[in-house]
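Raw coords.txt, compact mmCIF, C-alpha atoms and all ligand atoms:
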```txt
# COMPACT_ATOMS: atom_id res chain seq x y z
CA MET X 1 48.96 -52.12 6.07
CA PHE X 2 46.04 -54.52 6.18
CA GLN X 3 46.74 -58.11 5.24
CA CYS X 4 44.05 -59.71 3.08
CA ASN X 5 43.13 -63.37 3.34
CA ASN X 6 44.77 -63.85 -0.06
CA ASN X 7 47.96 -62.36 1.49
CA LYS X 8 47.72 -59.25 -0.59
CA CYS X 9 48.55 -56.09 1.41
CA VAL X 10 46.33 -53.09 1.11
CA SER X 11 46.37 -49.76 2.91
CA ASN X 12 44.84 -49.66 6.41
CA THR X 13 42.20 -47.24 5.23
CA SER X 14 40.98 -49.92 2.83
CA HIS X 15 39.67 -51.89 5.79
CA CYS X 16 35.90 -51.45 5.99
CA ASN X 17 35.69 -48.64 3.49
CA GLY X 18 32.91 -50.28 1.47
CA TRP X 19 35.19 -51.32 -1.39
CA ASP X 20 36.61 -54.76 -2.05
CA ASP X 21 40.27 -53.69 -2.15
CA CYS X 22 41.63 -57.18 -1.50
CA GLY X 23 39.82 -58.83 -4.38
CA ASP X 24 38.46 -61.53 -2.07
CA ASN X 25 36.45 -59.03 -0.01
CA SER X 26 38.39 -59.95 3.14
CA ASP X 27 38.98 -56.25 3.89
CA GLU X 28 35.23 -55.86 4.14
CA ILE X 29 34.34 -58.54 6.67
CA ASN X 30 34.16 -58.31 10.47
CA CYS X 31 33.56 -54.62 10.23
CA THR X 32 31.91 -52.81 13.12
CA CYS X 33 31.11 -49.18 13.59
CA PRO X 34 31.38 -48.32 17.27
CA GLY X 35 29.14 -45.34 17.98
CA LYS X 36 28.38 -44.91 14.28
CA PHE X 37 25.93 -46.18 11.70
CA GLN X 38 27.06 -49.25 9.75
CA CYS X 39 26.07 -49.20 6.10
CA ASN X 40 25.12 -52.37 4.27
CA ASN X 41 28.50 -52.11 2.50
CA ASN X 42 30.12 -51.96 5.99
CA ARG X 43 31.15 -48.38 5.62
CA CYS X 44 30.76 -46.36 8.82
CA VAL X 45 29.01 -43.05 8.68
CA SER X 46 27.92 -40.71 11.44
CA ASN X 47 24.56 -41.47 13.07
CA THR X 48 23.15 -38.19 11.88
CA SER X 49 23.71 -39.34 8.29
CA GLN X 50 20.73 -41.65 8.67
CA CYS X 51 17.61 -40.49 6.91
CA ASP X 52 19.00 -37.06 6.10
CA SER X 53 18.13 -37.49 2.39
CA TRP X 54 21.82 -37.84 1.42
CA ASP X 55 23.39 -41.08 0.31
CA ASP X 56 26.31 -41.01 2.74
CA CYS X 57 26.96 -44.76 2.54
CA GLY X 58 27.35 -44.87 -1.21
CA ASP X 59 24.85 -47.74 -1.41
CA ASN X 60 21.98 -45.63 -0.06
CA SER X 61 21.59 -47.95 2.94
CA ASP X 62 21.54 -44.95 5.29
CA GLU X 63 18.44 -43.74 3.48
CA ILE X 64 16.24 -46.81 3.50
CA ASN X 65 13.62 -47.77 6.09
CA CYS X 66 13.31 -44.12 6.93
CA THR X 67 10.02 -43.27 8.49
CA SER X 68 11.11 -39.69 8.86
CA VAL X 69 9.47 -36.95 6.89
CA VAL X 70 9.84 -33.22 6.62
CA CYS X 71 8.97 -31.68 9.98
CA SER X 72 5.75 -29.71 10.23
CA ALA X 73 3.01 -28.87 12.69
CA PHE X 74 1.53 -32.29 11.93
CA THR X 75 4.58 -34.45 12.59
CA PHE X 76 6.10 -35.77 15.77
CA HIS X 77 9.58 -34.40 16.44
CA CYS X 78 11.96 -37.11 17.62
CA SER X 79 14.79 -36.06 19.93
CA ASN X 80 17.35 -36.60 17.15
CA GLY X 81 15.72 -33.81 15.17
CA LEU X 82 13.98 -36.11 12.72
CA CYS X 83 10.21 -36.16 12.30
CA ILE X 84 7.73 -38.94 11.73
CA SER X 85 4.27 -38.73 10.28
CA LYS X 86 2.52 -41.31 12.51
CA LEU X 87 -0.37 -39.79 14.41
CA ASN X 88 0.23 -39.58 18.18
CA PRO X 89 3.19 -41.99 18.25
CA GLU X 90 4.14 -41.23 21.84
CA CYS X 91 3.88 -43.98 24.42
CA ASP X 92 1.86 -46.23 22.10
CA GLY X 93 4.12 -49.21 22.84
CA GLU X 94 5.85 -49.14 19.44
CA GLN X 95 9.18 -47.54 18.75
CA ASP X 96 8.63 -45.12 15.89
CA CYS X 97 11.58 -42.74 16.18
CA GLU X 98 14.97 -44.26 15.36
CA ASP X 99 16.24 -42.96 18.70
CA GLY X 100 13.24 -44.32 20.61
CA SER X 101 12.35 -40.87 21.90
CA ASP X 102 8.64 -41.42 21.22
CA GLU X 103 8.65 -44.12 23.90
CA ALA X 104 10.83 -42.26 26.42
CA ASN X 105 9.27 -40.64 29.50
CA CYS X 106 6.26 -42.90 29.32
CA ASP X 107 5.95 -43.62 33.02
CA CYS X 108 2.69 -41.72 33.16
CA GLY X 109 -1.02 -41.86 32.51
CA THR X 110 -1.81 -45.29 33.89
CA SER X 111 -4.04 -46.08 36.82
CA LEU X 112 -5.11 -49.05 38.88
CA TYR X 113 -8.19 -49.08 36.73
CA SER X 114 -7.94 -49.45 33.00
CA SER X 115 -11.11 -47.38 32.90
CA THR X 116 -12.76 -47.55 29.76
CA ARG X 117 -19.50 -34.38 40.39
CA ILE X 118 -18.92 -32.84 37.84
CA VAL X 119 -22.53 -32.50 36.74
CA GLY X 120 -23.91 -35.80 35.48
CA GLY X 121 -21.03 -37.87 36.80
CA ARG X 122 -20.53 -40.68 39.23
CA GLY X 123 -18.12 -41.41 42.07
CA ALA X 124 -14.59 -42.34 41.05
CA ASN X 125 -12.79 -45.36 42.45
CA VAL X 126 -9.74 -45.13 44.70
CA GLY X 127 -6.63 -44.76 42.54
CA GLU X 128 -8.59 -44.34 39.33
CA TRP X 129 -7.32 -40.80 38.62
CA PRO X 130 -3.96 -40.77 40.41
CA TRP X 131 -2.97 -37.47 38.76
CA GLN X 132 -6.00 -35.64 40.17
CA VAL X 133 -5.13 -33.08 42.86
CA SER X 134 -7.35 -31.03 45.18
CA LEU X 135 -6.06 -27.51 45.81
CA HIS X 136 -7.13 -26.00 49.13
CA PHE X 137 -6.78 -22.32 49.92
CA LYS X 138 -6.12 -22.01 53.63
CA GLY X 139 -9.32 -21.05 55.39
CA LEU X 140 -11.53 -21.72 52.37
CA GLY X 141 -10.92 -25.41 51.69
CA HIS X 142 -11.17 -26.97 48.24
CA MET X 143 -11.06 -24.33 45.51
CA CYS X 144 -9.65 -25.92 42.38
CA GLY X 145 -8.31 -29.09 40.84
CA ALA X 146 -4.85 -29.70 39.39
CA SER X 147 -2.91 -32.50 37.68
CA VAL X 148 0.32 -34.20 38.77
CA LEU X 149 3.07 -33.71 36.17
CA SER X 150 5.98 -35.05 38.20
CA ASP X 151 6.99 -35.61 41.82
CA ARG X 152 7.06 -31.87 42.39
CA TRP X 153 5.09 -30.08 39.68
CA LEU X 154 1.34 -29.62 39.31
CA LEU X 155 -0.59 -28.00 36.48
CA THR X 156 -3.71 -25.97 37.17
CA ALA X 157 -5.67 -23.01 35.78
CA ALA X 158 -4.35 -19.44 35.98
CA HIS X 159 -7.78 -18.16 37.02
CA CYS X 160 -7.49 -20.25 40.21
CA VAL X 161 -4.48 -18.25 41.34
CA GLN X 162 -5.53 -14.64 40.57
CA ASP X 163 -5.85 -12.28 43.53
CA THR X 164 -9.33 -11.07 44.37
CA THR X 165 -10.01 -7.98 46.46
CA VAL X 166 -10.42 -10.26 49.49
CA TYR X 167 -8.12 -13.24 48.88
CA LYS X 168 -4.51 -13.25 47.76
CA LEU X 169 -4.85 -16.38 45.64
CA SER X 170 -1.51 -15.77 43.94
CA GLN X 171 0.43 -16.38 47.15
CA ALA X 172 1.97 -19.84 47.14
CA HIS X 173 2.18 -20.28 50.92
CA LYS X 174 -1.58 -19.93 51.28
CA TRP X 175 -2.26 -23.07 49.27
CA GLU X 176 -2.22 -26.75 50.19
CA ALA X 177 -2.23 -29.56 47.64
CA PHE X 178 -3.84 -32.91 48.41
CA LEU X 179 -2.57 -35.77 46.27
CA GLY X 180 -3.94 -39.31 46.24
CA LEU X 181 -7.24 -38.02 47.59
CA GLN X 182 -10.63 -39.54 46.84
CA VAL X 183 -12.93 -38.13 49.51
CA GLN X 184 -12.50 -34.57 50.83
CA ASN X 185 -11.35 -34.37 54.46
CA GLN X 186 -10.80 -38.11 54.49
CA THR X 187 -7.08 -38.66 54.35
CA ASN X 188 -5.48 -42.06 54.68
CA GLU X 189 -2.12 -43.74 54.23
CA TRP X 190 -1.89 -42.94 50.52
CA THR X 191 -3.03 -39.33 50.73
CA VAL X 192 -0.28 -36.74 50.72
CA LYS X 193 -0.59 -33.07 51.69
CA ARG X 194 1.99 -30.60 50.49
CA GLY X 195 2.58 -26.88 50.71
CA VAL X 196 3.24 -24.89 47.58
CA LYS X 197 6.66 -23.31 47.05
CA GLN X 198 5.99 -21.43 43.85
CA ILE X 199 3.14 -20.54 41.51
CA ILE X 200 3.86 -19.68 37.88
CA ALA X 201 0.76 -18.37 36.13
CA HIS X 202 1.12 -17.90 32.38
CA ARG X 203 2.05 -14.31 31.74
CA TYR X 204 -0.38 -14.01 28.86
CA TYR X 205 -3.34 -15.14 30.96
CA ASN X 206 -6.21 -12.80 30.17
CA ARG X 207 -8.94 -12.63 32.79
CA TYR X 208 -11.42 -11.11 30.35
CA THR X 209 -11.05 -13.65 27.56
CA GLU X 210 -9.72 -16.54 29.75
CA ASP X 211 -7.01 -17.05 27.14
CA SER X 212 -3.87 -18.87 28.40
CA ASP X 213 -5.69 -20.09 31.52
CA ILE X 214 -2.80 -22.20 32.76
CA ALA X 215 -0.50 -22.14 35.78
CA LEU X 216 2.18 -24.32 37.35
CA MET X 217 2.58 -25.06 41.04
CA GLU X 218 5.78 -26.33 42.55
CA LEU X 219 5.35 -28.39 45.71
CA ASP X 220 7.48 -27.47 48.73
CA THR X 221 8.83 -31.02 48.93
CA ARG X 222 8.79 -33.90 46.48
CA VAL X 223 6.19 -36.64 46.80
CA SER X 224 6.80 -40.34 46.27
CA LEU X 225 5.01 -41.57 43.20
CA THR X 226 2.76 -44.49 44.09
CA GLN X 227 -0.24 -46.31 42.68
CA HIS X 228 -2.34 -43.50 44.11
CA ILE X 229 -0.14 -40.59 43.00
CA ARG X 230 1.07 -40.75 39.42
CA PRO X 231 1.68 -38.19 36.69
CA ILE X 232 -0.53 -37.91 33.63
CA CYS X 233 1.26 -37.94 30.25
CA LEU X 234 1.79 -34.56 28.63
CA PRO X 235 0.95 -34.52 24.91
CA SER X 236 3.59 -33.14 22.55
CA SER X 237 2.70 -29.90 20.80
CA THR X 238 1.66 -31.86 17.69
CA TYR X 239 -0.55 -34.39 19.50
CA PHE X 240 -4.00 -34.47 17.94
CA PHE X 241 -7.27 -34.94 19.82
CA PRO X 242 -9.94 -35.48 17.15
CA SER X 243 -13.45 -34.23 17.70
CA GLY X 244 -15.76 -36.99 18.77
CA GLN X 245 -13.04 -38.66 20.82
CA GLU X 246 -14.08 -39.63 24.33
CA ALA X 247 -12.45 -37.80 27.21
CA TRP X 248 -12.90 -37.83 30.99
CA ILE X 249 -13.56 -34.94 33.31
CA THR X 250 -12.91 -35.32 37.04
CA GLY X 251 -13.21 -33.13 40.10
CA TRP X 252 -14.83 -32.22 43.39
CA GLY X 253 -16.77 -29.29 41.92
CA THR X 254 -20.46 -28.64 42.23
CA THR X 255 -22.81 -31.26 40.83
CA LEU X 256 -25.46 -28.68 40.01
CA GLN X 257 -24.96 -25.18 38.72
CA GLY X 258 -25.11 -23.09 41.89
CA GLY X 259 -24.98 -26.21 44.06
CA ALA X 260 -22.45 -27.44 46.60
CA ALA X 261 -19.11 -29.13 46.05
CA THR X 262 -18.97 -32.88 46.43
CA ALA X 263 -17.05 -34.93 48.95
CA ILE X 264 -16.35 -37.87 46.63
CA LEU X 265 -14.28 -37.29 43.50
CA GLN X 266 -16.60 -37.41 40.51
CA LYS X 267 -15.90 -38.56 36.97
CA ALA X 268 -17.86 -38.29 33.75
CA GLU X 269 -17.32 -39.11 30.11
CA VAL X 270 -17.54 -36.33 27.55
CA LYS X 271 -16.51 -35.91 23.93
CA ILE X 272 -14.06 -33.56 22.28
CA ILE X 273 -16.16 -31.00 20.39
CA ASN X 274 -15.15 -29.47 17.06
CA SER X 275 -13.64 -26.04 17.76
CA ARG X 276 -15.43 -24.24 14.99
CA LEU X 277 -18.80 -25.51 16.14
CA CYS X 278 -17.93 -24.73 19.75
CA ASN X 279 -16.88 -21.21 18.87
CA ILE X 280 -20.29 -20.62 17.28
CA LEU X 281 -22.12 -22.13 20.26
CA LEU X 282 -20.17 -20.00 22.74
CA ASN X 283 -20.52 -16.62 21.03
CA TYR X 284 -17.08 -16.64 19.40
CA ARG X 285 -15.20 -16.70 22.69
CA VAL X 286 -13.18 -19.85 21.96
CA THR X 287 -9.56 -19.11 21.01
CA GLY X 288 -7.02 -21.44 19.45
CA ASN X 289 -5.58 -21.97 22.94
CA MET X 290 -8.82 -23.55 24.11
CA LEU X 291 -10.39 -26.95 23.56
CA CYS X 292 -14.07 -27.75 23.97
CA ALA X 293 -15.42 -30.95 25.45
CA GLY X 294 -18.83 -31.93 26.69
CA VAL X 295 -22.12 -33.48 25.78
CA LEU X 296 -24.09 -31.31 23.37
CA SER X 297 -27.43 -32.49 24.73
CA GLY X 298 -26.38 -31.13 28.13
CA GLY X 299 -26.42 -32.69 31.57
CA VAL X 300 -22.73 -33.60 31.78
CA ASP X 301 -20.06 -30.99 32.42
CA THR X 302 -17.42 -29.62 34.72
CA CYS X 303 -18.62 -26.85 37.01
CA LYS X 304 -17.48 -24.50 39.75
CA GLY X 305 -14.66 -26.09 41.75
CA ASP X 306 -13.52 -28.37 38.94
CA SER X 307 -11.34 -25.67 37.42
CA GLY X 308 -7.67 -26.46 37.04
CA GLY X 309 -8.41 -30.18 36.94
CA PRO X 310 -7.64 -32.53 34.07
CA LEU X 311 -9.45 -33.35 30.85
CA SER X 312 -7.97 -36.84 30.42
CA VAL X 313 -7.91 -38.71 27.11
CA ALA X 314 -6.70 -42.31 26.73
CA ASN X 315 -4.40 -43.22 23.83
CA SER X 316 -4.51 -46.47 21.85
CA ARG X 317 -2.84 -48.27 24.76
CA GLY X 318 -5.16 -46.88 27.42
CA ARG X 319 -2.56 -44.43 28.68
CA PHE X 320 -4.05 -41.08 29.67
CA PHE X 321 -2.85 -37.81 28.20
CA LEU X 322 -3.69 -34.35 29.51
CA ALA X 323 -5.74 -32.81 26.71
CA GLY X 324 -7.04 -29.86 28.72
CA VAL X 325 -7.22 -27.93 31.96
CA THR X 326 -10.76 -27.14 33.16
CA SER X 327 -11.25 -23.44 32.49
CA TRP X 328 -14.71 -21.99 31.84
CA GLY X 329 -18.20 -22.50 30.48
CA LYS X 330 -21.55 -20.83 29.88
CA GLY X 331 -23.27 -21.94 33.07
CA CYS X 332 -22.79 -25.65 33.62
CA ALA X 333 -24.07 -28.65 31.67
CA ARG X 334 -26.45 -26.59 29.52
CA ILE X 335 -27.63 -27.87 26.19
CA TYR X 336 -25.35 -26.82 23.30
CA ALA X 337 -22.82 -25.26 25.71
CA PRO X 338 -19.77 -27.52 26.06
CA GLY X 339 -17.12 -26.88 28.71
CA VAL X 340 -13.98 -25.05 27.69
CA TYR X 341 -10.51 -26.33 28.58
CA THR X 342 -7.05 -24.86 28.15
CA ARG X 343 -5.50 -26.64 25.15
CA VAL X 344 -2.41 -28.20 26.77
CA THR X 345 -0.60 -28.94 23.48
CA LYS X 346 -0.25 -25.18 23.00
CA TYR X 347 1.71 -24.92 26.24
CA ARG X 348 3.98 -27.94 25.94
CA SER X 349 7.17 -25.95 25.42
CA TRP X 350 6.19 -23.44 28.11
CA ILE X 351 5.80 -26.31 30.62
CA LYS X 352 9.16 -27.75 29.56
CA GLN X 353 10.83 -24.36 29.87
CA LYS X 354 9.46 -23.63 33.34
CA THR X 355 9.69 -27.10 34.91
CA GLY X 356 11.97 -29.27 32.81
CA VAL X 357 9.11 -31.82 32.63
N1 LIG D 401 -14.59 -21.73 36.17
C1 LIG D 401 -15.07 -22.82 36.95
C2 LIG D 401 -14.25 -22.97 38.21
O1 LIG D 401 -13.62 -22.02 38.59
C3 LIG D 401 -15.17 -24.10 36.16
C4 LIG D 401 -15.74 -23.89 34.83
C5 LIG D 401 -16.10 -25.07 34.05
N2 LIG D 401 -17.43 -24.82 33.60
C6 LIG D 401 -18.07 -25.50 32.68
N3 LIG D 401 -19.30 -25.21 32.41
N4 LIG D 401 -17.46 -26.46 32.06
O2 LIG D 401 -14.27 -23.96 38.88
```

Starting from the coordinates I provided, produce the structure as structure tokens.
Ligand code: ARG
Amino acid sequence: MFQCNNNKCVSNTSHCNGWDDCGDNSDEINCTCPGKFQCNNNRCVSNTSQCDSWDDCGDNSDEINCTSVVCSAFTFHCSNGLCISKLNPECDGEQDCEDGSDEANCDCGTSLYSSTRIVGGRGANVGEWPWQVSLHFKGLGHMCGASVLSDRWLLTAAHCVQDTTVYKLSQAHKWEAFLGLQVQNQTNEWTVKRGVKQIIAHRYYNRYTEDSDIALMELDTRVSLTQHIRPICLPSSTYFFPSGQEAWITGWGTTLQGGAATAILQKAEVKIINSRLCNILLNYRVTGNMLCAGVLSGGVDTCKGDSGGPLSVANSRGRFFLAGVTSWGKGCARIYAPGVYTRVTKYRSWIKQKTGV
């Protein structure tokens, strides 16, 4: 039995059950709920009772302060299965999910520069785009860009790793990845070269439509993450990149359509372009798995050799998220012809499934 402060004896189950069984409420003080949710009336209910739209506590305290809403394509899914309606809550420095999962895995997307050729770009600083990778095909040198996702996974474009009649671009051992690189052929103490153990191109990649132009590369050995080699944040599948938002393109591709690749990593600012408009501008070749970005007046764009590289967008805290993978365009930097990028949000679960990242 439980002894009340007024010496009355009540059953043990009366202790902390949310009812004043003693008459002086002494069976309802000093209540804790190890591993469970404590209601305002001190009752203990399971953690999953919180915000499930049922009054499990009896005083409704498990249903107040709930930010969670019905899950949809427009809500962020917290790890506990609940959803919140805040736009792009991940890694914004505020805990929005009750389980904190919107602020987990946020060691990404920052650089030495809180920055805020590519055609129309300028030289990047050392360590400014620490997720940028240069992919070299043995014997041919720089071919494509890629982004660092973790200490052993890179993300690039599927069209970079398709066999041609002459080159077996799908063979992992023929590739070399340069991380922490700023100037081609100029390696230093923070540049790392790795072989590639495995290439996973998306099985729905379509070389005629360029749909699902995305591929993963696994490095043969892990790299140490440093100030010069850091992953970019992956947006959840419901992350929203509004049109008009500024984004950055980076790469060692040609700085003129038909020109030569550059030695110094180039960067340029572009804007996310409305998909419907882009689809019209590009002869209805833009699918829902693509994202357009560019400068409608022309002059700024990714070009040959930039493919596979990142389209980086900063969030409210200046943390960069991978909005796109450089994929294709109508020429380069032409007026009313934005660049087309693989829409990374569409492949979030595929990346998770293949890499665990
Ligand atoms: N497909 C090109 C490559 O293999 C890059 C295309 C980007 N073009 C553009 N106009 N945005 O490197």

Nearby residues, ligand LIG 401 (chain D), 7 Å, only C-alpha atoms and all ligand atoms, as a PyMOL selection string: chain X and resi 144+160+253+301-307+326-333+338-340

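Remark: for X:Ser236, the closest of the candidate residues X:Lys354, X:Arg43, X:Arg343, X:Lys36 is X:Arg343 (distances computed over all atoms listed in the file).
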
Which residues come within 12 Å of X:Asn283, counting all atoms listed in the file, excluding same-chain residues fewer than 5 positions away, as a PyMOL selection string? chain X and resi 209+276-278+329-330+336-337

Considering all atoms listed in the file, return as a PyMOL selection string whatever protein or nucleic-acid residues lie within 6 Å of stretch 145-157 of chain X, sequence-local ones (same chain, fewer than 5 positions apart) excluded. chain X and resi 131-135+213-219+222-223+231+306-310

Got a sec to check which residues sit within 9 Å of (-4.6, -17.0, 38.2), counting all atoms listed in the file, and write them as a VMD selection string? chain X and resid 157 to 163 169 to 170 200 to 202 205 207 213 to 215

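Between atom CA of X:Ala260 and atom CA of X:Trp190 there is a distance of 26.0 Å.
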
Just give me the gap between atom CA of X:Ile229 and atom CA of X:Ala172 in Å, one decimal is fine. 21.3 Å

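Taking atom CA of X:Val166 and atom CA of X:Leu140 as endpoints, the distance between them is 11.9 Å.
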
Calculated over all atoms listed in the file, which of the candidates X:Thr187, X:Val270, X:Gln182, X:Leu311 has the smallest distance to X:Gly298? X:Val270

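The shortest atom-to-atom distance to X:Cys292, with all atoms listed in the file taken into account, belongs to X:Gly244 out of X:Asn42, X:Phe321, X:Ser349, X:Gly244.
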
If we count only C-alpha atoms and set the cut-off at 12 Å, which residues sit around X:Thr110, ignoring sequence neighbours fewer than 5 positions away in its own chain? Please answer as a ChimeraX atom specification. /X:91,115-116,127-131,226-233,312-315,317-322
